[in-house]
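Colleague: Got a structure for you, coords.cif, holding mmCIF, C-alpha atoms and all ligand atoms.
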data_my_file
loop_
_atom_site.label_atom_id
_atom_site.label_comp_id
_atom_site.auth_asym_id
_atom_site.auth_seq_id
_atom_site.Cartn_x
_atom_site.Cartn_y
_atom_site.Cartn_z
CA MET A 1 -48.82 26.04 -55.67
CA ASN A 2 -49.52 28.25 -52.67
CA ASP A 3 -48.53 27.13 -49.18
CA VAL A 4 -51.23 26.43 -46.63
CA PRO A 5 -52.91 29.81 -45.96
CA LYS A 6 -51.57 31.55 -42.89
CA HIS A 7 -54.95 33.11 -42.14
CA VAL A 8 -58.36 31.62 -43.00
CA ALA A 9 -61.57 33.59 -42.42
CA PHE A 10 -64.97 31.88 -42.21
CA ILE A 11 -68.46 33.22 -42.79
CA MET A 12 -70.24 30.42 -40.96
CA ASP A 13 -73.59 30.70 -42.73
CA GLY A 14 -76.58 28.36 -43.06
CA ASN A 15 -77.32 27.27 -39.50
CA GLY A 16 -80.98 28.26 -39.90
CA ARG A 17 -81.43 26.49 -43.25
CA TRP A 18 -79.71 23.37 -41.92
CA ALA A 19 -82.18 23.29 -39.02
CA LYS A 20 -85.14 23.93 -41.30
CA SER A 21 -84.16 21.06 -43.59
CA LYS A 22 -84.30 18.79 -40.55
CA LYS A 23 -87.51 20.34 -39.20
CA LEU A 24 -85.63 21.54 -36.12
CA PRO A 25 -85.70 24.98 -34.48
CA ARG A 26 -83.08 27.48 -35.70
CA SER A 27 -81.36 27.28 -32.32
CA ALA A 28 -80.54 23.61 -33.04
CA GLY A 29 -78.72 24.77 -36.16
CA HIS A 30 -76.69 27.27 -34.15
CA LYS A 31 -75.83 24.57 -31.63
CA LYS A 32 -74.61 22.17 -34.31
CA GLY A 33 -72.80 25.10 -35.94
CA SER A 34 -70.85 25.79 -32.77
CA GLU A 35 -69.79 22.13 -32.67
CA THR A 36 -68.58 22.43 -36.26
CA LEU A 37 -66.46 25.40 -35.25
CA ARG A 38 -64.91 23.42 -32.40
CA ASP A 39 -64.00 20.61 -34.81
CA ILE A 40 -62.61 22.97 -37.46
CA VAL A 41 -60.49 24.78 -34.85
CA GLU A 42 -59.07 21.48 -33.56
CA TYR A 43 -58.29 20.43 -37.11
CA ALA A 44 -56.75 23.77 -38.12
CA ALA A 45 -54.46 23.54 -35.10
CA THR A 46 -52.91 20.41 -36.62
CA LEU A 47 -52.20 22.20 -39.94
CA LYS A 48 -49.82 25.09 -40.56
CA ILE A 49 -52.61 27.66 -40.29
CA LYS A 50 -51.71 30.46 -37.87
CA TYR A 51 -54.99 32.41 -37.72
CA ILE A 52 -58.67 31.55 -38.04
CA THR A 53 -61.24 34.34 -37.99
CA ALA A 54 -64.84 33.21 -37.46
CA TYR A 55 -67.80 35.49 -38.16
CA THR A 56 -69.91 34.68 -35.12
CA PHE A 57 -72.40 37.53 -34.82
CA SER A 58 -72.76 40.63 -36.98
CA THR A 59 -73.88 44.12 -36.01
CA GLU A 60 -76.91 43.43 -38.24
CA ASN A 61 -77.79 40.13 -36.52
CA TRP A 62 -79.38 42.07 -33.61
CA SER A 63 -82.39 42.55 -35.87
CA ARG A 64 -83.27 38.84 -35.61
CA PRO A 65 -86.05 37.66 -33.26
CA LYS A 66 -85.16 38.11 -29.58
CA GLU A 67 -85.31 34.37 -28.84
CA GLU A 68 -82.83 33.61 -31.62
CA VAL A 69 -80.39 36.31 -30.48
CA SER A 70 -80.59 35.02 -26.94
CA ALA A 71 -80.03 31.40 -28.06
CA ILE A 72 -76.91 32.51 -29.97
CA MET A 73 -75.62 34.48 -26.95
CA THR A 74 -76.12 31.46 -24.67
CA LEU A 75 -74.19 29.25 -27.08
CA LEU A 76 -71.47 31.86 -27.30
CA GLU A 77 -71.16 31.93 -23.54
CA ASP A 78 -71.00 28.12 -23.45
CA TYR A 79 -68.25 28.23 -26.04
CA LEU A 80 -66.29 30.76 -23.98
CA ASP A 81 -66.74 28.66 -20.81
CA ASP A 82 -65.47 25.59 -22.61
CA ALA A 83 -62.49 27.50 -24.06
CA LEU A 84 -61.67 28.83 -20.58
CA LYS A 85 -61.76 25.31 -19.19
CA LYS A 86 -59.45 24.04 -21.95
CA SER A 87 -57.16 27.07 -21.97
CA LYS A 88 -54.51 25.68 -19.63
CA LYS A 89 -53.96 22.54 -21.66
CA ARG A 90 -54.24 24.04 -25.13
CA ASP A 91 -51.79 26.13 -27.13
CA ILE A 92 -54.62 28.13 -28.71
CA LYS A 93 -54.70 31.90 -28.43
CA ILE A 94 -58.09 33.61 -28.50
CA ARG A 95 -58.95 37.12 -29.63
CA VAL A 96 -62.20 38.92 -30.22
CA ILE A 97 -62.91 41.63 -32.77
CA GLY A 98 -66.05 43.76 -32.93
CA LYS A 99 -67.75 46.10 -30.53
CA LEU A 100 -67.90 44.81 -26.96
CA GLU A 101 -70.49 47.45 -26.13
CA GLY A 102 -73.92 45.83 -26.46
CA LEU A 103 -72.79 42.40 -25.22
CA SER A 104 -73.70 41.23 -21.72
CA ASP A 105 -71.31 41.99 -18.83
CA SER A 106 -70.78 38.32 -18.26
CA ILE A 107 -69.78 37.68 -21.91
CA ILE A 108 -67.46 40.72 -21.87
CA HIS A 109 -65.84 39.48 -18.67
CA LYS A 110 -65.25 36.00 -20.13
CA ILE A 111 -63.85 37.42 -23.37
CA LYS A 112 -61.37 39.61 -21.49
CA LYS A 113 -60.33 36.76 -19.22
CA LEU A 114 -59.82 34.40 -22.15
CA GLU A 115 -57.80 36.96 -24.11
CA LEU A 116 -55.59 37.61 -21.10
CA ILE A 117 -55.01 33.96 -20.21
CA THR A 118 -54.18 32.95 -23.79
CA LYS A 119 -52.30 36.03 -24.99
CA ASP A 120 -48.84 34.40 -24.96
CA LYS A 121 -49.91 31.03 -26.34
CA PRO A 122 -47.67 30.06 -29.25
CA GLY A 123 -50.22 28.08 -31.31
CA LEU A 124 -53.16 28.83 -33.56
CA CYS A 125 -54.83 32.20 -32.98
CA VAL A 126 -58.63 32.01 -33.15
CA ILE A 127 -60.32 35.35 -33.68
CA PHE A 128 -64.05 35.61 -33.02
CA ALA A 129 -65.89 38.41 -34.79
CA ILE A 130 -68.67 39.18 -32.32
CA ASN A 131 -71.00 42.13 -32.69
CA TYR A 132 -68.75 42.82 -35.65
CA GLY A 133 -69.51 44.99 -38.65
CA GLY A 134 -66.80 46.09 -41.06
CA ARG A 135 -68.25 49.57 -41.48
CA ASP A 136 -68.58 49.97 -37.74
CA GLU A 137 -64.93 48.91 -37.34
CA ILE A 138 -63.77 51.46 -39.92
CA VAL A 139 -65.78 54.26 -38.29
CA ARG A 140 -64.45 53.38 -34.81
CA ALA A 141 -60.86 53.33 -36.12
CA THR A 142 -61.39 56.67 -37.88
CA LYS A 143 -62.63 58.28 -34.66
CA ILE A 144 -59.52 57.13 -32.76
CA ILE A 145 -57.23 58.33 -35.55
CA ALA A 146 -58.99 61.71 -35.76
CA GLU A 147 -58.56 62.22 -32.01
CA LYS A 148 -54.88 61.26 -32.10
CA PHE A 149 -54.30 63.50 -35.10
CA LYS A 150 -55.86 66.41 -33.25
CA GLN A 151 -53.62 65.74 -30.25
CA GLY A 152 -50.59 65.46 -32.53
CA THR A 153 -49.72 61.87 -31.56
CA ILE A 154 -50.30 60.87 -35.18
CA THR A 155 -48.90 63.18 -37.87
CA GLU A 156 -49.34 61.05 -40.96
CA ILE A 157 -52.23 58.79 -41.96
CA THR A 158 -51.05 55.95 -44.18
CA GLU A 159 -52.62 52.55 -44.96
CA GLU A 160 -50.27 50.97 -42.41
CA VAL A 161 -51.23 53.47 -39.70
CA PHE A 162 -54.93 53.07 -40.47
CA ALA A 163 -54.76 49.27 -40.35
CA GLN A 164 -53.20 49.37 -36.88
CA PHE A 165 -56.32 51.02 -35.50
CA LEU A 166 -58.69 48.43 -36.88
CA ASP A 167 -59.73 45.69 -34.44
CA THR A 168 -57.41 43.28 -36.25
CA GLY A 169 -54.39 45.45 -35.32
CA ASN A 170 -51.23 43.56 -36.23
CA VAL A 171 -52.96 40.42 -37.50
CA PRO A 172 -52.03 39.72 -41.14
CA ASP A 173 -54.92 39.96 -43.63
CA PRO A 174 -56.80 36.73 -44.37
CA ASP A 175 -55.33 34.79 -47.30
CA PHE A 176 -58.50 32.79 -47.76
CA LEU A 177 -62.20 33.43 -47.09
CA ILE A 178 -64.64 30.52 -46.93
CA ARG A 179 -68.39 31.14 -46.92
CA THR A 180 -70.77 28.24 -46.50
CA SER A 181 -74.40 27.92 -47.58
CA GLY A 182 -74.25 29.36 -51.07
CA GLU A 183 -74.65 33.12 -50.62
CA LEU A 184 -72.21 35.07 -52.78
CA ARG A 185 -71.56 38.10 -50.59
CA THR A 186 -69.42 39.22 -47.69
CA SER A 187 -72.18 40.66 -45.44
CA ASN A 188 -70.07 43.43 -43.86
CA PHE A 189 -67.23 41.06 -42.91
CA LEU A 190 -63.65 42.44 -42.94
CA PRO A 191 -64.09 44.85 -45.89
CA TRP A 192 -60.61 46.36 -45.41
CA GLN A 193 -58.77 43.13 -44.65
CA LEU A 194 -60.24 41.01 -47.47
CA ALA A 195 -58.96 43.35 -50.21
CA TYR A 196 -56.67 40.66 -51.71
CA SER A 197 -57.98 37.47 -50.13
CA GLU A 198 -59.01 34.48 -52.20
CA PHE A 199 -62.75 33.72 -51.88
CA TYR A 200 -64.30 30.26 -51.72
CA PHE A 201 -68.02 29.54 -51.65
CA THR A 202 -69.66 26.21 -50.95
CA ASP A 203 -73.32 25.20 -50.89
CA LYS A 204 -72.81 23.09 -47.77
CA HIS A 205 -74.49 24.55 -44.69
CA TRP A 206 -72.07 25.39 -41.89
CA PRO A 207 -73.30 22.61 -39.52
CA ASP A 208 -72.43 20.08 -42.27
CA PHE A 209 -69.01 21.57 -43.07
CA SER A 210 -66.46 18.83 -42.36
CA LYS A 211 -62.69 18.39 -42.24
CA GLU A 212 -62.95 16.85 -45.70
CA ASP A 213 -64.77 19.94 -47.00
CA PHE A 214 -62.05 22.08 -45.45
CA ASP A 215 -59.38 19.95 -47.16
CA LEU A 216 -61.14 20.42 -50.52
CA ALA A 217 -61.21 24.17 -50.01
CA LEU A 218 -57.53 24.23 -49.04
CA LEU A 219 -56.68 22.22 -52.14
CA GLU A 220 -58.40 24.81 -54.29
CA TYR A 221 -56.56 27.58 -52.46
CA ALA A 222 -53.24 25.86 -53.19
CA ASN A 223 -53.97 26.12 -56.90
CA ARG A 224 -55.11 29.76 -56.99
CA LYS A 225 -52.86 32.32 -58.66
CA ARG A 226 -52.41 35.27 -56.35
CA ARG A 227 -51.15 38.31 -58.19
CA PHE A 228 -51.70 41.33 -55.94
CA GLY A 229 -51.92 43.56 -59.00
CA LYS A 230 -48.64 42.39 -60.49
CA THR A 231 -48.14 40.57 -63.80
CA VAL A 232 -47.69 36.80 -63.66
C1 LIG B 1 -75.24 31.77 -39.54
O1 LIG B 1 -76.36 31.02 -39.88
C2 LIG B 1 -75.18 32.12 -38.07
C3 LIG B 1 -75.41 33.55 -37.78
C4 LIG B 1 -75.63 34.48 -38.65
C5 LIG B 1 -75.39 33.92 -36.38
P1 LIG B 1 -77.77 31.73 -40.17
O2 LIG B 1 -78.51 31.84 -38.89
O3 LIG B 1 -77.57 33.00 -40.90
O4 LIG B 1 -78.45 30.65 -41.10
P2 LIG B 1 -79.33 30.95 -42.39
O5 LIG B 1 -78.47 31.78 -43.30
O6 LIG B 1 -80.55 31.67 -41.94
O7 LIG B 1 -79.61 29.61 -42.96
C1 LIG B 2 -73.35 36.67 -41.87
O1 LIG B 2 -74.44 35.86 -42.10
C2 LIG B 2 -73.10 36.80 -40.40
C3 LIG B 2 -72.57 35.62 -39.73
C4 LIG B 2 -72.29 34.49 -40.31
C5 LIG B 2 -72.33 35.76 -38.31
P1 LIG B 2 -75.91 36.44 -42.29
O2 LIG B 2 -76.81 35.29 -42.46
O3 LIG B 2 -76.22 37.39 -41.19
O4 LIG B 2 -75.75 37.27 -43.64
P2 LIG B 2 -76.87 37.69 -44.72
O5 LIG B 2 -77.98 38.34 -43.97
O6 LIG B 2 -77.30 36.43 -45.39
O7 LIG B 2 -76.15 38.61 -45.66
MG MG B 3 -77.45 33.48 -42.85
#
Take the structure in this file and express it as structure tokens.
Modeller:
Amino acid sequence: MNDVPKHVAFIMDGNGRWAKSKKLPRSAGHKKGSETLRDIVEYAATLKIKYITAYTFSTENWSRPKEEVSAIMTLLEDYLDDALKKSKKRDIKIRVIGKLEGLSDSIIHKIKKLELITKDKPGLCVIFAINYGGRDEIVRATKIIAEKFKQGTITEITEEVFAQFLDTGNVPDPDFLIRTSGELRTSNFLPWQLAYSEFYFTDKHWPDFSKEDFDLALLEYANRKRRFGKTV
């Protein structure tokens, strides 16, 4: 039996299909999806999980209709406002990975404020992947490393050194990846960090994903055999 995973990553997929099944606009699915995330974060904070990474908006999601992108950005800002309001009372630490460039000034400001206010919080660390693409992250890290190598501040490039320059820095790799809504792919999410993670797929749409569904997933994780290339 494995312990509770230290780090769980979520591909929160299916907001649009959930809304469609209820004859609602896609934005209603995103709204319900953000409530699901709030509930899952509150629940995870009561377990022994140390990190949650939530795929919130990908570098490819900009190609959606303008109205949908703007609805998602408004919800994101609401989420940040709410987290700022709760930050004094909660033990939760918040981090953001992805490219800040391209986000609105007001969102960037709120992200920075939230990261600063919560940086020494001892509890669950919630990492939002916003304007995140795994390939973009690897290219950005490579550019920094190349510059430092040229200047001589880095003399050796190892896996450990490389990982430090990814947005996830010193965060341990996810133990467990959960993707809702039935698609069997990773959609440019954490390609480096998921190298040895256990994957779990469920047909439930993200807005319907409950604590009970999370418990079921965690139970399956507990019974997985992790080998990391070794023999059993
Ligand atoms: C996930 O739900 C949320 C984001 C990608 C922002 P989708 O919006 O992708 O929902 P489906 O996959 O179209 O149902
Ligand atoms: C992945 O979902 C991105 C997020 C959940 C934020 P998508 O809906 O964008 O992925 P694809 O297009 O189905 O691969
Ligand atoms: Mg989708």
Colleague: Of the residues A:Lys230, A:Arg185, A:Lys93, A:Lys148, which is the one nearest to ligand LIG 2 (chain B), using only C-alpha atoms and all ligand atoms?
Modeller: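 Smallest distance to ligand LIG 2 (chain B) is found for A:Arg185.
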Colleague: At a cut-off of 12 Å, using all atoms listed in the file, what residues contact range 66-75 of chain A? Leave out same-chain residues fewer than 3 positions from it and give the result as JSON, numbers by chain.
Modeller: {"A": [15, 16, 25, 26, 27, 28, 29, 30, 31, 32, 33, 34, 35, 37, 56, 57, 58, 59, 60, 61, 62, 63, 78, 79, 80, 81, 82, 102, 103, 104, 105, 106, 107, 108, 130, 131]}
Colleague: What box, with edges along x, y and z, holds each listed atom of ligand LIG 1 (chain B) when 6 Å is added on every side, and can you state its centre and edge lengths in Å to one decimal, as JSON?
Modeller:
{"center_x": -77.9, "center_y": 32.0, "center_z": -39.8, "size_x": 17.4, "size_y": 16.9, "size_z": 18.9}
Colleague: Quick one: residues within 9 Å of Lys225 in chain A, all atoms listed in the file counted, chain neighbours fewer than 6 positions away excluded, as a list in words?
Modeller: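 Within the cut-off, the hits are Met1, Asn2 and Val232 of chain A.
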Colleague: Could you write those residues out with C-alpha atoms, as a compact mmCIF listing (two decimals), in the frame of the given file?
Modeller:
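Written file, result.txt:
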# COMPACT_ATOMS: atom_id res chain seq x y z
CA MET A 1 -48.82 26.04 -55.67
CA ASN A 2 -49.52 28.25 -52.67
CA VAL A 232 -47.69 36.80 -63.66
Colleague: Which residues, written as a PyMOL selection string, have at least one atom at most 12 Å from Trp192 in chain A, with only C-alpha atoms counted and residues fewer than 6 positions away on the same chain left out?
Modeller: chain A and resi 133-139+141+159-160+162-169+172-174+186
Colleague: Can you list, as a PyMOL selection string, every protein, DNA or RNA residue that comes within 9 Å of Glu183 in chain A when you count all atoms listed in the file, leaving out same-chain residues fewer than 6 positions away?
Modeller: chain A and resi 13+201-203
Colleague: Point out the residue among A:Ala146, A:Ile11, A:Ile94, A:Val161 with the least atom-to-atom distance to Lys50 in chain A, counting all atoms listed in the file.
Modeller: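 Closest residue, counting all atoms listed in the file: A:Ile94.
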Colleague: With all atoms listed in the file as the counted atoms, please give the residues lying no more than 8 Å from Val126 in chain A, apart from itself and same-chain residues fewer than 3 positions off, as a PyMOL selection string.
Modeller: chain A and resi 41+51-54+92-95
Colleague: Could you give me, as a list in words, the residues that sit within 10 Å of (-58.9, 35.3, -20.4) in the file's coordinates, counting only C-alpha atoms?
Modeller: Leu80, Ala83, Leu84, Ser87, Lys93, Ile94, Arg95, His109, Lys110, Ile111, Lys112, Lys113, Leu114, Glu115, Leu116, Ile117, Thr118 and Lys119 of chain A
Colleague: For CA of Gly14 in chain A and CA of Lys86 in chain A, determine how far apart the two atoms are, in Å to one decimal place.
Modeller: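 One can read the CA of Gly14 in chain A to CA of Lys86 in chain A distance as 27.5 Å.
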Colleague: If you measure from CA of Lys85 in chain A to CA of Glu42 in chain A, what distance in Å do you get, rounded to one decimal?
Modeller: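 CA of Glu42 in chain A lies at a distance of 15.1 Å from CA of Lys85 in chain A.
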Colleague: For each of A:Asp215, A:Tyr43, A:Ser181, A:Gln193, take the minimum atom-to-atom distance to Trp18 in chain A, counting all atoms listed in the file, then give the residue where this is smallest.
Modeller: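 For Trp18 in chain A, the nearest of the given residues is A:Ser181.
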Colleague: Figure out the distance between atom O7 of ligand LIG 1 (chain B) and CA of Lys23 in chain A, please, to one decimal in Å.
Modeller: 12.7 Å
Colleague: Using only C-alpha atoms and all ligand atoms, find the one residue out of A:Lys143, A:Lys22, A:Arg64, A:Lys99 that sits nearest to ligand LIG 2 (chain B).
Modeller: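 Closest candidate: A:Arg64.
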Colleague: Between A:Arg17, A:His7, A:Arg140, A:Lys89, which residue has the minimum interatomic distance to ligand MG 3 (chain B), considering only C-alpha atoms and all ligand atoms?
Modeller: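 Answer, going by the shortest atom-to-atom distance: A:Arg17.
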Colleague: Which residue out of A:Ser187, A:Ser197, A:Thr180, A:Asn223 has the minimum interatomic distance to ligand LIG 2 (chain B) when all atoms listed in the file are used?
Modeller: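 The shortest atom-to-atom distance to ligand LIG 2 (chain B) comes from A:Ser187.
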